[in-house]
Amino acid sequence: MQSLQQQQQQQQQQQQFNQVGGFTVFVGHIPSSMNEEGVSQIFNKFGNILDITIIKDKRTNVSKGCAFITFSTKEEADNALNTTNDSGTFLENMNKPLQVKYSDNEIEKMERKLFIGMLGTSDEDQIRNLFGNYGMIEDLNIVREKDGKPKGYGFIKFSTRDESEIALREVDGKHTLPGSNIPIIVKFADTERQKRKKLLNTQPPQNPAFNFYPQQNQQQQNQYQPFFYGQNTQMSQAMGNGGYRGYQQQQPNVNFGMMQGNQAFDYNQQQQQQQQPNESNDLFIYYLPFTYGDEELKQLFAPYGNVISSKVFIDKNTQQSKCFGFVSYDNTQSAITAIQELNGRAIEVYPYVSTCSGPDSYTANLKPWSYGTSWISGKIPVEGDMVQIPSGYSILLDVSTPRLTQIWIQSGGQLVISSKHGPLEIITDGILIEGRMDVGDDNCKFNESFTVTLTGIEGQGYIETKSDMLQKFIGVLPGGSLEVHGYLSYPIPTWTKLNKTITGSNNPMIINVADDVSKWPIGSTIVLGSTDFDMYQSEQVLTVSCPECTAYQLKINGSQYYHFGAVTEIGGVDERAEVGLLTKNIVVRGEMQPTCNGSAICNYFNFDGFGGHIKFVNGFANGHLEGMEVYNMGQTYNVGYYPIHFHMCGDVDKGSYANWPTYVKDVSIHHTKSRCLTIHGTSGLIVVNNFAFDHYGHCYFFEDGSEQRNYLDSNVGLVTRYGYLLPSDRDADVCVFVNPRDFNGNAIDPGTCQAVATFWITNPNNYLKNNIAGGSENTGFWFLFPEGVSGISAYLSQYNNVYPPYIPIGSFVNNKAHSNVLQGMNIDQSHQIQQQSASYPNPHLSMTYGRYKPRVDPTNPASDRATSLIYQFTAYKNKWRGLWARGGDLIFHSCIFSENAIGATLAAEGVMQADMGSTQQCIGCTFILETENVGQATRGINTYNGVTLPAYYQFSQRGIEIYDGPIVIQGCTFIGFNTDGFRNTSAIGWFLYDDWIFSATNQLVQSNFINSNLRVLNVPSNYDGGKQQIFHDDDGTVTGTKNSYVVPNVPFFYSNKTVINAAWNMSISVEKFASLYVYNKDTEYPEQFLPGLFMINDEYTYYKHYLQGVPNATPRNTFLPLIMPGKSYTMHFPGSAPSHLQVQLTNFDQNDSVIVGICYPKSGTTFEITKNVIINNWNAVVESVKMVDSLEEVIGDSKGLSAYYDSETGLLFLNAIQERTRQWNYFCPNVGCETFDIQTDGVDSKIGTDCKNAYPKYSKMSFATRGGCNGDPNLTYDRCGICGGDGTTC
């Protein structure tokens, strides 16, 4: 909400839109203690004062002893100037008299004197006849030689500024005078300030991103940017119009002249001098383009003769061009020809030649910004103005602006940026576009230098309420168009890949890259991406001149880190470092304060987080951004203010957008304060070839879950840091700082935060191809599945039937994630779309439970399951996992997981499948432990044998990690998983510290192992899941035995068909496996209740298999023992037996059975038992189970509807038989899970069960082979872990 003061300021500034700017004088020698009121008391006697500005030091905010005063009329300003200066007034404590003069800007606005060049042989009468049509000529001066011959240029002064502007507009470049073959040049003459600036700025600037030419007043800048060179011996000649004073070159017979601003070169004089005896073959060339090296200079002059040498001078410290040089021919005539052909010719700033006509050429009735007649007020906008471009006005920005409050391009108005007057800059608090703004177009890329600097301090100054733009913005409103087309875009790459590995060095070096980068400007800032576990190895470097480089090479000023530059020989993984171009010729940036704002947030983000933002809103007419640079944008702590933001725009690829869909292409987005690109309530956006580097919060951000059909191709995001805005953006510390407690007063769980991702995808129906997530403090790509849309979208009817959990992935092809702290990709979870309340106590959009269940009809959860495909995904050098995926159906096809702590973890649900029948499958994937990318140890990264590690060497890295199920690993290859006796790494492992189930139907088939002597490793734990790890080796390509199971190496899983693999800490069995789900349904528990469950295999009665239960209730009441159908077991409880117990058959096939004896008290117990088919917790079929007199009768009951209670031992025996068929990927038959429901009477909850007499009565002799393998004591394991193998398969 705005303060009253802000509202008043807004109203006042709104009223200034149509006011005349006034006349401004500079006042010097006033006391530093004097404020605006004191100045007013001295000067208000001269007339109406519109404004007083005390000039203050930016750092100390102390007055510098001077001010600007704006009077209503020129007469009032003249009165103040003449009266004060004549009086010699001294103010208190000042030793110099009060000084008053017109400000430099005012002098320039009043300037009436024009420079005129290329006059040829014209005399004064001819000039007067030409210019007399446009006003009263006060003075005309044609500059002449000592002998009276005209030099070809002069000056003319009109009686008014308006007349001068009209003459300039109507004559410049439109007439060719006698004696000249070049059209006349007409420009305003330099003021004294401009002369001073030209003398001070003879060296080219160091940063080509902002200003490639010497600083000068843009209003006076020539239409062209020529350079001059020649053979004059008198190089120190000063142009009479106040132009650039020549540089005295040390070599004789070599000189240069320069045409810049209002300067011209005297062709007649030059031709005469060329006839003199001191002619030379050597040319000195000044003001070369910043990007030119020796070879470019030679190519420029080669068409005119044999160039025997060319040299561009390079600064020794910066290794950058000084923008001047020499060319030598082997004969004088070639030098003369080069002068005649090239003298005065414009050379493009960047190595790009535009031969097309852009909007600054073809737009009708363009009015130059620099002409007062272009504006309704008759005045050129001055500092602080709120500029309007009304309907019917097309303004050409031909000068840089002062600091403006706002530019408002109204409907029907247009602002076109000139490509002939650069470099140009707009400095403003905001640009509001309801008309159109054009910077080049799609067919004619903009090749000048143009910068927009967005200014403002939060809460101060003008606040724009339209579409909540507020401050520091470019806002594209309904009907508005923003067209930005920089030349540094396709086919010039915005990013490429390193093609040869480099190691850190402080010295300049040449790097090899995959694409033609010859058009990248010298002196550009580029980024080399990390190729190791430390994402902060992504670094900025500068390019320097490199004449010897090919088009596929760059020379940089050094590098701190090792960057890998090859496709690995091991596994063929493309781990080449990204090389991204940050520097662009079109820049949008925020002007930042030097420090944080002093709030508590500075403890976490100690910088000014109030950046600029670009925002498109619903109904905009056109939006196309390409070839631009965006930095210092986004606002750390304000939701909705992002570097580039498409806000509730709806479909931007249909309707009026269909012929030219909206896009963001080849944009560098770096050092942003919040996000990179936000797609909010917008569908069909094209996002291609963008390069994002170093940002806070989610980078490529899909906000509400309503966003669909957006096309993201070949975008890069590097260095994604935790941010502030949403819980998912925050790290644990900021999470607790923002919300210490939930709605109900409980301490906040940091797990509701900590989910920042480079690509944050809340709706699967989008298309991602060739993108790279190269370093996040959490995750690279995160698909999450809110139960519905959130935010503003939740209030719009068109999104009522959008349910992200049921929507298949649109497309996910050839994407890559590396150098992330936790996961390369996460497919899991949701965020809380409900507002915070007692029922939903966590903050809005906190991370929460969510499961992915894609459907053929996403609007109907009851429709058939659909499959989502992840194709050719690569995850390498992620510190924890390459992939975490839950839900499905999901297929990962032809993916590569290399050098991650854990390659991929596939998960379903802890007890029953969240989506019955769903699976995750890896098909044709490759898992690699290490490659020749050895990395560089930084920031705590460990090494082993010279190679960096994701963790410590004792950690058991693994390729595929099995969790829940069912999963299928088919046709996958595992490379380099070995043990050397110290470090154990395995191709296959299980989720550690697992309290839940591993499905007996998890299977591997057609597995391939290369240089891997440890295929499987079980890391023991006391968690239930860790005690029941399992997978099915369908074709024997893992174990050497077809149709075998790999299970824990404990006696509970022994049989005569089971052998031990000690290296794996597992057993290999050809028994069949399934699970019993045991539910304690009691609702009340004794005070000394002992949770847990013991299972005993009747063949190995000495071993008690203890389960503590899954953590879905307190106390734990659900147990999931893994058993072998066809065997018999007893079940025991540490304390009293439950009075109500359910035993469910899971992963049983039809006719599979198991005998179970459940321990109860030995007397006084009666039973009521039913066999039910349970669907979603209700009984679909109920059958009674009768009590019989012997165990034999129970075994003989083919229906499993008999039970026997042995009062001597306290065991209740059931024959658990699966009667119905089950599809392999379902835990239960389609009609439901077959379950025994047991309710007892007479069980004393205070009395524990004691079934010690169960054994040896029900013991069975085991024939399990304790030596050998595969049941044969004569076989042994080879070095590859294969029973009976010859050691050649690993």
# chains A, B, ... in the order shown; residues from 1 in each chain; ligands from 1
>>> residues_around(residues="Gln1003 in chain A", least_positions_apart="2", cutoff="8 Å", atoms="only C-alpha atoms", output="PyMOL selection string")
chain A and resi 966-969+1001+1005+1031-1034
>>> write_last_selection(atoms="C-alpha atoms", output="tab-separated table (two decimals), in the first residue's frame")
chain	number	residue	atom	x	y	z
A	966	PRO	CA	7.68	-51.64	-8.97
A	967	ILE	CA	10.52	-50.48	-11.20
A	968	VAL	CA	12.09	-51.97	-14.32
A	969	ILE	CA	15.73	-51.46	-15.29
A	1001	THR	CA	8.46	-57.15	-8.49
A	1005	VAL	CA	16.77	-57.35	-17.35
A	1031	PHE	CA	15.14	-57.15	-6.91
A	1032	HIS	CA	14.38	-59.78	-9.53
A	1033	ASP	CA	17.12	-60.65	-12.02
A	1034	ASP	CA	14.85	-61.74	-14.82
>>> select_by_dssp(residues="range 442-579 of chain A", states="strand (DSSP E)", output="ChimeraX atom specification")
/A:450-454,473-476,481-485,495-497,509-512,525-528,539-544,553-556,578-579
>>> write_last_selection(atoms="N, CA and C atoms", output="short mmCIF file (atom, residue, chain, number, x, y, z; two decimals), in the first residue's frame")
data_model
loop_
_atom_site.label_atom_id
_atom_site.label_comp_id
_atom_site.auth_asym_id
_atom_site.auth_seq_id
_atom_site.Cartn_x
_atom_site.Cartn_y
_atom_site.Cartn_z
N PHE A 450 23.03 0.35 -27.22
CA PHE A 450 21.86 1.00 -26.60
C PHE A 450 21.65 0.41 -25.22
N THR A 451 21.48 1.28 -24.25
CA THR A 451 21.31 0.87 -22.86
C THR A 451 20.08 1.55 -22.26
N VAL A 452 19.31 0.78 -21.52
CA VAL A 452 18.25 1.34 -20.68
C VAL A 452 18.68 1.14 -19.23
N THR A 453 18.82 2.22 -18.49
CA THR A 453 19.15 2.15 -17.08
C THR A 453 17.92 2.55 -16.28
N LEU A 454 17.41 1.61 -15.50
CA LEU A 454 16.21 1.83 -14.71
C LEU A 454 16.62 2.27 -13.31
N PHE A 473 10.91 0.00 -14.08
CA PHE A 473 10.24 -0.97 -14.94
C PHE A 473 10.30 -0.59 -16.41
N ILE A 474 10.17 -1.61 -17.24
CA ILE A 474 9.67 -1.47 -18.61
C ILE A 474 8.38 -2.27 -18.62
N GLY A 475 7.27 -1.60 -18.78
CA GLY A 475 5.97 -2.25 -18.71
C GLY A 475 5.26 -2.21 -20.04
N VAL A 476 4.87 -3.38 -20.53
CA VAL A 476 4.17 -3.48 -21.81
C VAL A 476 2.71 -3.77 -21.49
N SER A 481 3.52 -2.75 -27.66
CA SER A 481 4.46 -3.63 -28.35
C SER A 481 5.88 -3.25 -27.95
N LEU A 482 6.66 -4.27 -27.65
CA LEU A 482 8.08 -4.09 -27.38
C LEU A 482 8.86 -5.00 -28.30
N GLU A 483 9.62 -4.40 -29.19
CA GLU A 483 10.42 -5.15 -30.15
C GLU A 483 11.90 -4.83 -29.90
N VAL A 484 12.63 -5.82 -29.45
CA VAL A 484 14.07 -5.66 -29.20
C VAL A 484 14.79 -6.74 -29.98
N HIS A 485 15.60 -6.32 -30.93
CA HIS A 485 16.26 -7.28 -31.82
C HIS A 485 17.73 -6.90 -31.96
N TRP A 495 25.54 -18.87 -26.63
CA TRP A 495 26.41 -19.74 -25.85
C TRP A 495 26.87 -20.91 -26.71
N THR A 496 28.00 -21.45 -26.32
CA THR A 496 28.55 -22.59 -27.03
C THR A 496 29.17 -23.52 -25.99
N LYS A 497 30.00 -24.44 -26.43
CA LYS A 497 30.63 -25.38 -25.50
C LYS A 497 32.14 -25.37 -25.70
N MET A 509 44.96 -16.98 -22.29
CA MET A 509 45.01 -18.29 -22.95
C MET A 509 43.99 -18.33 -24.07
N ILE A 510 44.26 -19.20 -25.03
CA ILE A 510 43.32 -19.42 -26.13
C ILE A 510 42.48 -20.64 -25.79
N ILE A 511 41.17 -20.50 -25.92
CA ILE A 511 40.28 -21.63 -25.70
C ILE A 511 39.60 -22.02 -27.01
N ASN A 512 39.29 -23.29 -27.13
CA ASN A 512 38.63 -23.83 -28.32
C ASN A 512 37.17 -24.09 -28.00
N THR A 525 32.51 -9.86 -21.75
CA THR A 525 32.48 -10.72 -20.58
C THR A 525 31.79 -12.02 -20.96
N ILE A 526 32.48 -13.13 -20.71
CA ILE A 526 31.88 -14.43 -20.98
C ILE A 526 31.95 -15.26 -19.71
N VAL A 527 31.19 -16.34 -19.68
CA VAL A 527 31.16 -17.24 -18.53
C VAL A 527 31.60 -18.62 -18.98
N LEU A 528 32.49 -19.22 -18.20
CA LEU A 528 32.86 -20.62 -18.38
C LEU A 528 32.13 -21.42 -17.31
N GLU A 539 32.63 -19.27 -13.85
CA GLU A 539 33.36 -18.03 -13.62
C GLU A 539 33.26 -17.11 -14.84
N GLN A 540 33.41 -15.81 -14.55
CA GLN A 540 33.44 -14.78 -15.58
C GLN A 540 34.88 -14.51 -16.00
N VAL A 541 35.08 -14.36 -17.29
CA VAL A 541 36.37 -13.96 -17.82
C VAL A 541 36.13 -12.95 -18.94
N LEU A 542 37.21 -12.32 -19.42
CA LEU A 542 37.11 -11.36 -20.51
C LEU A 542 37.80 -11.92 -21.74
N THR A 543 37.24 -11.60 -22.91
CA THR A 543 37.93 -11.93 -24.15
C THR A 543 38.87 -10.79 -24.50
N VAL A 544 40.01 -11.13 -25.10
CA VAL A 544 40.98 -10.13 -25.52
C VAL A 544 41.30 -10.36 -26.99
N GLN A 553 37.84 -20.18 -31.89
CA GLN A 553 38.71 -19.95 -30.75
C GLN A 553 38.46 -18.57 -30.16
N LEU A 554 38.74 -18.45 -28.87
CA LEU A 554 38.70 -17.18 -28.17
C LEU A 554 39.95 -17.06 -27.33
N LYS A 555 40.40 -15.85 -27.15
CA LYS A 555 41.48 -15.61 -26.20
C LYS A 555 40.88 -14.92 -24.99
N ILE A 556 41.16 -15.46 -23.81
CA ILE A 556 40.60 -14.91 -22.57
C ILE A 556 41.74 -14.47 -21.67
N GLU A 578 29.88 -25.09 -20.57
CA GLU A 578 29.16 -24.06 -21.31
C GLU A 578 30.02 -22.79 -21.36
N VAL A 579 30.01 -22.14 -22.50
CA VAL A 579 30.71 -20.87 -22.67
C VAL A 579 29.66 -19.87 -23.13
#
>>> residues_around(residues="range 690-700 of chain A", least_positions_apart="4", cutoff="6 Å", atoms="only C-alpha atoms", output="list in words")
Lys665, Asp666, Val667, Ser668, Ile669, His670, His671, Thr672, Lys673, Ser674, Arg675, Cys676, Leu677, Asn715, Val716, Gly717, Leu718, Val719, Thr720, Arg721, Tyr722, Gly723, Asp729, Val756, Ala757, Thr758 and Phe759 of chain A
>>> write_last_selection(atoms="C-alpha atoms", output="PDB file, in the first residue's frame")
ATOM      1  CA  LYS A 665      15.697 -15.557 -27.589  1.00  0.00           C
ATOM      2  CA  ASP A 666      19.439 -15.119 -27.199  1.00  0.00           C
ATOM      3  CA  VAL A 667      19.145 -13.009 -24.074  1.00  0.00           C
ATOM      4  CA  SER A 668      21.848 -13.006 -21.413  1.00  0.00           C
ATOM      5  CA  ILE A 669      20.273 -12.688 -17.971  1.00  0.00           C
ATOM      6  CA  HIS A 670      22.867 -12.351 -15.265  1.00  0.00           C
ATOM      7  CA  HIS A 671      23.448 -11.109 -11.734  1.00  0.00           C
ATOM      8  CA  THR A 672      19.748 -10.825 -11.085  1.00  0.00           C
ATOM      9  CA  LYS A 673      18.222 -10.286  -7.667  1.00  0.00           C
ATOM     10  CA  SER A 674      15.233 -12.585  -8.101  1.00  0.00           C
ATOM     11  CA  ARG A 675      14.601 -15.148 -10.860  1.00  0.00           C
ATOM     12  CA  CYS A 676      15.561 -15.003 -14.535  1.00  0.00           C
ATOM     13  CA  LEU A 677      12.427 -15.498 -16.644  1.00  0.00           C
ATOM     14  CA  ASN A 715      18.458 -22.395 -22.490  1.00  0.00           C
ATOM     15  CA  VAL A 716      21.185 -22.409 -19.851  1.00  0.00           C
ATOM     16  CA  GLY A 717      20.983 -21.592 -16.152  1.00  0.00           C
ATOM     17  CA  LEU A 718      24.146 -21.488 -14.023  1.00  0.00           C
ATOM     18  CA  VAL A 719      24.544 -20.669 -10.312  1.00  0.00           C
ATOM     19  CA  THR A 720      21.028 -20.695  -8.863  1.00  0.00           C
ATOM     20  CA  ARG A 721      21.183 -19.453  -5.275  1.00  0.00           C
ATOM     21  CA  TYR A 722      18.587 -19.705  -2.539  1.00  0.00           C
ATOM     22  CA  GLY A 723      16.320 -16.666  -2.547  1.00  0.00           C
ATOM     23  CA  ASP A 729      13.116 -20.389  -2.761  1.00  0.00           C
ATOM     24  CA  VAL A 756      15.207 -23.843  -5.163  1.00  0.00           C
ATOM     25  CA  ALA A 757      15.565 -25.016  -8.771  1.00  0.00           C
ATOM     26  CA  THR A 758      16.965 -23.621 -11.989  1.00  0.00           C
ATOM     27  CA  PHE A 759      13.884 -24.861 -13.884  1.00  0.00           C
TER      28      PHE A 759
END
>>> closest_residue(among="A:Ser164, A:Asn1112, A:Asn597, A:Ser1190", to="Trp996 in chain A", atoms="only C-alpha atoms")
A:Asn1112
>>> residues_around(residues="Lys1257 in chain A", least_positions_apart="3", cutoff="12 Å", atoms="only C-alpha atoms", output="PyMOL selection string")
chain A and resi 1098-1099+1101+1130+1206+1208-1209+1211+1251-1254+1260-1261
>>> atom_distance(atom1="CA of Asp190 in chain A", atom2="CA of Phe71 in chain A")
25.0 Å
>>> closest_residue(among="A:Asn306, A:Thr662, A:Asn35, A:Asn765", to="Arg709 in chain A", atoms="only C-alpha atoms")
A:Asn765
>>> residues_around(residues="Ser819 in chain A", least_positions_apart="3", cutoff="8 Å", atoms="only C-alpha atoms", output="PyMOL selection string")
chain A and resi 530-535+774-776+824+876-879
>>> write_last_selection(atoms="N, CA and C atoms", output="PDB file, in the first residue's frame")
ATOM      1  N   SER A 530      30.907 -24.404 -14.779  1.00  0.00           N
ATOM      2  CA  SER A 530      31.527 -25.453 -13.973  1.00  0.00           C
ATOM      3  C   SER A 530      31.300 -26.810 -14.626  1.00  0.00           C
ATOM      4  N   THR A 531      32.313 -27.666 -14.511  1.00  0.00           N
ATOM      5  CA  THR A 531      32.137 -29.055 -14.952  1.00  0.00           C
ATOM      6  C   THR A 531      32.471 -30.001 -13.808  1.00  0.00           C
ATOM      7  N   ASP A 532      32.282 -29.530 -12.586  1.00  0.00           N
ATOM      8  CA  ASP A 532      32.600 -30.339 -11.420  1.00  0.00           C
ATOM      9  C   ASP A 532      31.475 -30.189 -10.397  1.00  0.00           C
ATOM     10  N   PHE A 533      31.684 -30.754  -9.216  1.00  0.00           N
ATOM     11  CA  PHE A 533      30.645 -30.763  -8.180  1.00  0.00           C
ATOM     12  C   PHE A 533      30.407 -29.377  -7.580  1.00  0.00           C
ATOM     13  N   ASP A 534      31.341 -28.476  -7.718  1.00  0.00           N
ATOM     14  CA  ASP A 534      31.228 -27.134  -7.154  1.00  0.00           C
ATOM     15  C   ASP A 534      30.674 -26.188  -8.207  1.00  0.00           C
ATOM     16  N   MET A 535      29.434 -25.776  -8.028  1.00  0.00           N
ATOM     17  CA  MET A 535      28.804 -24.918  -9.042  1.00  0.00           C
ATOM     18  C   MET A 535      29.478 -23.554  -9.129  1.00  0.00           C
ATOM     19  N   GLY A 774      22.900 -25.945 -14.824  1.00  0.00           N
ATOM     20  CA  GLY A 774      24.301 -26.169 -14.507  1.00  0.00           C
ATOM     21  C   GLY A 774      24.733 -25.628 -13.164  1.00  0.00           C
ATOM     22  N   GLY A 775      23.968 -25.914 -12.111  1.00  0.00           N
ATOM     23  CA  GLY A 775      24.419 -25.541 -10.784  1.00  0.00           C
ATOM     24  C   GLY A 775      23.375 -24.797  -9.985  1.00  0.00           C
ATOM     25  N   SER A 776      22.722 -25.511  -9.083  1.00  0.00           N
ATOM     26  CA  SER A 776      21.752 -24.930  -8.157  1.00  0.00           C
ATOM     27  C   SER A 776      22.115 -25.347  -6.749  1.00  0.00           C
ATOM     28  N   GLY A 824      19.996 -33.471  -9.781  1.00  0.00           N
ATOM     29  CA  GLY A 824      19.939 -32.943 -11.134  1.00  0.00           C
ATOM     30  C   GLY A 824      18.498 -32.703 -11.561  1.00  0.00           C
ATOM     31  N   TYR A 876      25.211 -35.256 -14.671  1.00  0.00           N
ATOM     32  CA  TYR A 876      26.577 -35.596 -14.287  1.00  0.00           C
ATOM     33  C   TYR A 876      27.092 -34.637 -13.220  1.00  0.00           C
ATOM     34  N   LYS A 877      27.949 -35.161 -12.369  1.00  0.00           N
ATOM     35  CA  LYS A 877      28.621 -34.381 -11.323  1.00  0.00           C
ATOM     36  C   LYS A 877      27.647 -33.593 -10.462  1.00  0.00           C
ATOM     37  N   ASN A 878      26.505 -34.193 -10.124  1.00  0.00           N
ATOM     38  CA  ASN A 878      25.642 -33.637  -9.096  1.00  0.00           C
ATOM     39  C   ASN A 878      26.075 -34.219  -7.752  1.00  0.00           C
ATOM     40  N   LYS A 879      26.132 -33.384  -6.735  1.00  0.00           N
ATOM     41  CA  LYS A 879      26.762 -33.831  -5.491  1.00  0.00           C
ATOM     42  C   LYS A 879      25.973 -34.923  -4.790  1.00  0.00           C
TER      43      LYS A 879
END
>>> atom_distance(atom1="CA of Gly565 in chain A", atom2="CA of Tyr953 in chain A")
25.6 Å
>>> closest_residue(among="A:Lys445, A:Lys64, A:His1105, A:Lys157", to="His1132 in chain A", atoms="only C-alpha atoms")
A:His1105
>>> closest_residue(among="A:Arg865, A:His1140, A:Arg1222, A:Arg1116", to="Ile1238 in chain A", atoms="only C-alpha atoms")
A:His1140
>>> select_by_dssp(residues="range 649-805 of chain A", states="helix (DSSP H, G or I)", output="list in words")
Gly655, Ser656, Tyr657, Pro727, Ser728, Asp729, Ala732, Asp733, Val734, Cys735, Val736, Phe737, Val738, Pro750, Gly751, Thr752, Gly791, Ile792, Ser793, Ala794, Tyr795, Ser797, Gln798, Tyr799, Pro804 and Pro805 of chain A
>>> closest_residue(among="A:Gln406, A:Thr919, A:Gln388, A:Asn814", to="Glu464 in chain A", atoms="only C-alpha atoms")
A:Gln406
>>> residues_around(residues="Leu130 in chain A", least_positions_apart="5", cutoff="12 Å", atoms="only C-alpha atoms", output="NGL selection string")
:A and (116 or 119 or 122-125 or 135 or 137 or 156 or 167-168 or 170-172 or 174-177 or 184)
>>> write_last_selection(atoms="N, CA and C atoms", output="PDB file, in the first residue's frame")
ATOM      1  N   ILE A 116      28.413  23.543 -40.770  1.00  0.00           N
ATOM      2  CA  ILE A 116      28.051  23.060 -42.100  1.00  0.00           C
ATOM      3  C   ILE A 116      29.328  22.572 -42.789  1.00  0.00           C
ATOM      4  N   LEU A 119      31.091  21.659 -48.141  1.00  0.00           N
ATOM      5  CA  LEU A 119      30.572  22.793 -48.927  1.00  0.00           C
ATOM      6  C   LEU A 119      31.178  22.851 -50.319  1.00  0.00           C
ATOM      7  N   SER A 122      31.363  26.136 -52.928  1.00  0.00           N
ATOM      8  CA  SER A 122      30.244  27.076 -52.806  1.00  0.00           C
ATOM      9  C   SER A 122      30.677  28.356 -52.118  1.00  0.00           C
ATOM     10  N   ASP A 123      30.113  29.492 -52.592  1.00  0.00           N
ATOM     11  CA  ASP A 123      30.397  30.773 -51.940  1.00  0.00           C
ATOM     12  C   ASP A 123      29.266  31.133 -51.005  1.00  0.00           C
ATOM     13  N   GLU A 124      29.374  32.310 -50.358  1.00  0.00           N
ATOM     14  CA  GLU A 124      28.397  32.707 -49.344  1.00  0.00           C
ATOM     15  C   GLU A 124      27.010  32.888 -49.946  1.00  0.00           C
ATOM     16  N   ASP A 125      26.934  33.425 -51.128  1.00  0.00           N
ATOM     17  CA  ASP A 125      25.606  33.637 -51.725  1.00  0.00           C
ATOM     18  C   ASP A 125      24.893  32.308 -51.953  1.00  0.00           C
ATOM     19  N   GLY A 135      14.708  30.569 -42.306  1.00  0.00           N
ATOM     20  CA  GLY A 135      14.700  31.537 -41.218  1.00  0.00           C
ATOM     21  C   GLY A 135      15.663  32.667 -41.483  1.00  0.00           C
ATOM     22  N   ILE A 137      18.989  34.567 -41.157  1.00  0.00           N
ATOM     23  CA  ILE A 137      20.387  34.228 -40.907  1.00  0.00           C
ATOM     24  C   ILE A 137      21.056  35.420 -40.250  1.00  0.00           C
ATOM     25  N   ILE A 156      26.923  28.726 -39.523  1.00  0.00           N
ATOM     26  CA  ILE A 156      25.810  29.607 -39.815  1.00  0.00           C
ATOM     27  C   ILE A 156      24.938  29.696 -38.583  1.00  0.00           C
ATOM     28  N   ALA A 167      16.262  24.072 -40.319  1.00  0.00           N
ATOM     29  CA  ALA A 167      17.303  24.049 -41.337  1.00  0.00           C
ATOM     30  C   ALA A 167      18.090  22.749 -41.278  1.00  0.00           C
ATOM     31  N   LEU A 168      18.438  22.317 -40.094  1.00  0.00           N
ATOM     32  CA  LEU A 168      19.183  21.065 -39.938  1.00  0.00           C
ATOM     33  C   LEU A 168      18.395  19.909 -40.523  1.00  0.00           C
ATOM     34  N   GLU A 170      15.970  19.884 -42.709  1.00  0.00           N
ATOM     35  CA  GLU A 170      15.624  19.944 -44.131  1.00  0.00           C
ATOM     36  C   GLU A 170      16.833  19.905 -45.060  1.00  0.00           C
ATOM     37  N   VAL A 171      18.039  20.225 -44.538  1.00  0.00           N
ATOM     38  CA  VAL A 171      19.206  20.335 -45.420  1.00  0.00           C
ATOM     39  C   VAL A 171      20.190  19.192 -45.225  1.00  0.00           C
ATOM     40  N   ASP A 172      20.383  18.742 -43.987  1.00  0.00           N
ATOM     41  CA  ASP A 172      21.436  17.766 -43.691  1.00  0.00           C
ATOM     42  C   ASP A 172      21.304  16.516 -44.560  1.00  0.00           C
ATOM     43  N   LYS A 174      20.861  16.176 -47.663  1.00  0.00           N
ATOM     44  CA  LYS A 174      19.861  16.176 -48.742  1.00  0.00           C
ATOM     45  C   LYS A 174      20.291  16.982 -49.965  1.00  0.00           C
ATOM     46  N   HIS A 175      21.443  17.633 -49.911  1.00  0.00           N
ATOM     47  CA  HIS A 175      21.936  18.431 -51.046  1.00  0.00           C
ATOM     48  C   HIS A 175      23.418  18.177 -51.225  1.00  0.00           C
ATOM     49  N   THR A 176      23.871  18.067 -52.474  1.00  0.00           N
ATOM     50  CA  THR A 176      25.289  17.962 -52.778  1.00  0.00           C
ATOM     51  C   THR A 176      25.698  19.239 -53.506  1.00  0.00           C
ATOM     52  N   LEU A 177      26.663  19.963 -52.918  1.00  0.00           N
ATOM     53  CA  LEU A 177      27.032  21.283 -53.421  1.00  0.00           C
ATOM     54  C   LEU A 177      28.144  21.187 -54.454  1.00  0.00           C
ATOM     55  N   ILE A 184      25.955  17.500 -48.175  1.00  0.00           N
ATOM     56  CA  ILE A 184      26.274  18.472 -47.125  1.00  0.00           C
ATOM     57  C   ILE A 184      25.964  17.892 -45.745  1.00  0.00           C
TER      58      ILE A 184
END
>>> residues_around(residues="Ile941 in chain A", least_positions_apart="5", cutoff="9 Å", atoms="only C-alpha atoms", output="number ranges by chain")
A: 533-534, 936, 948-952
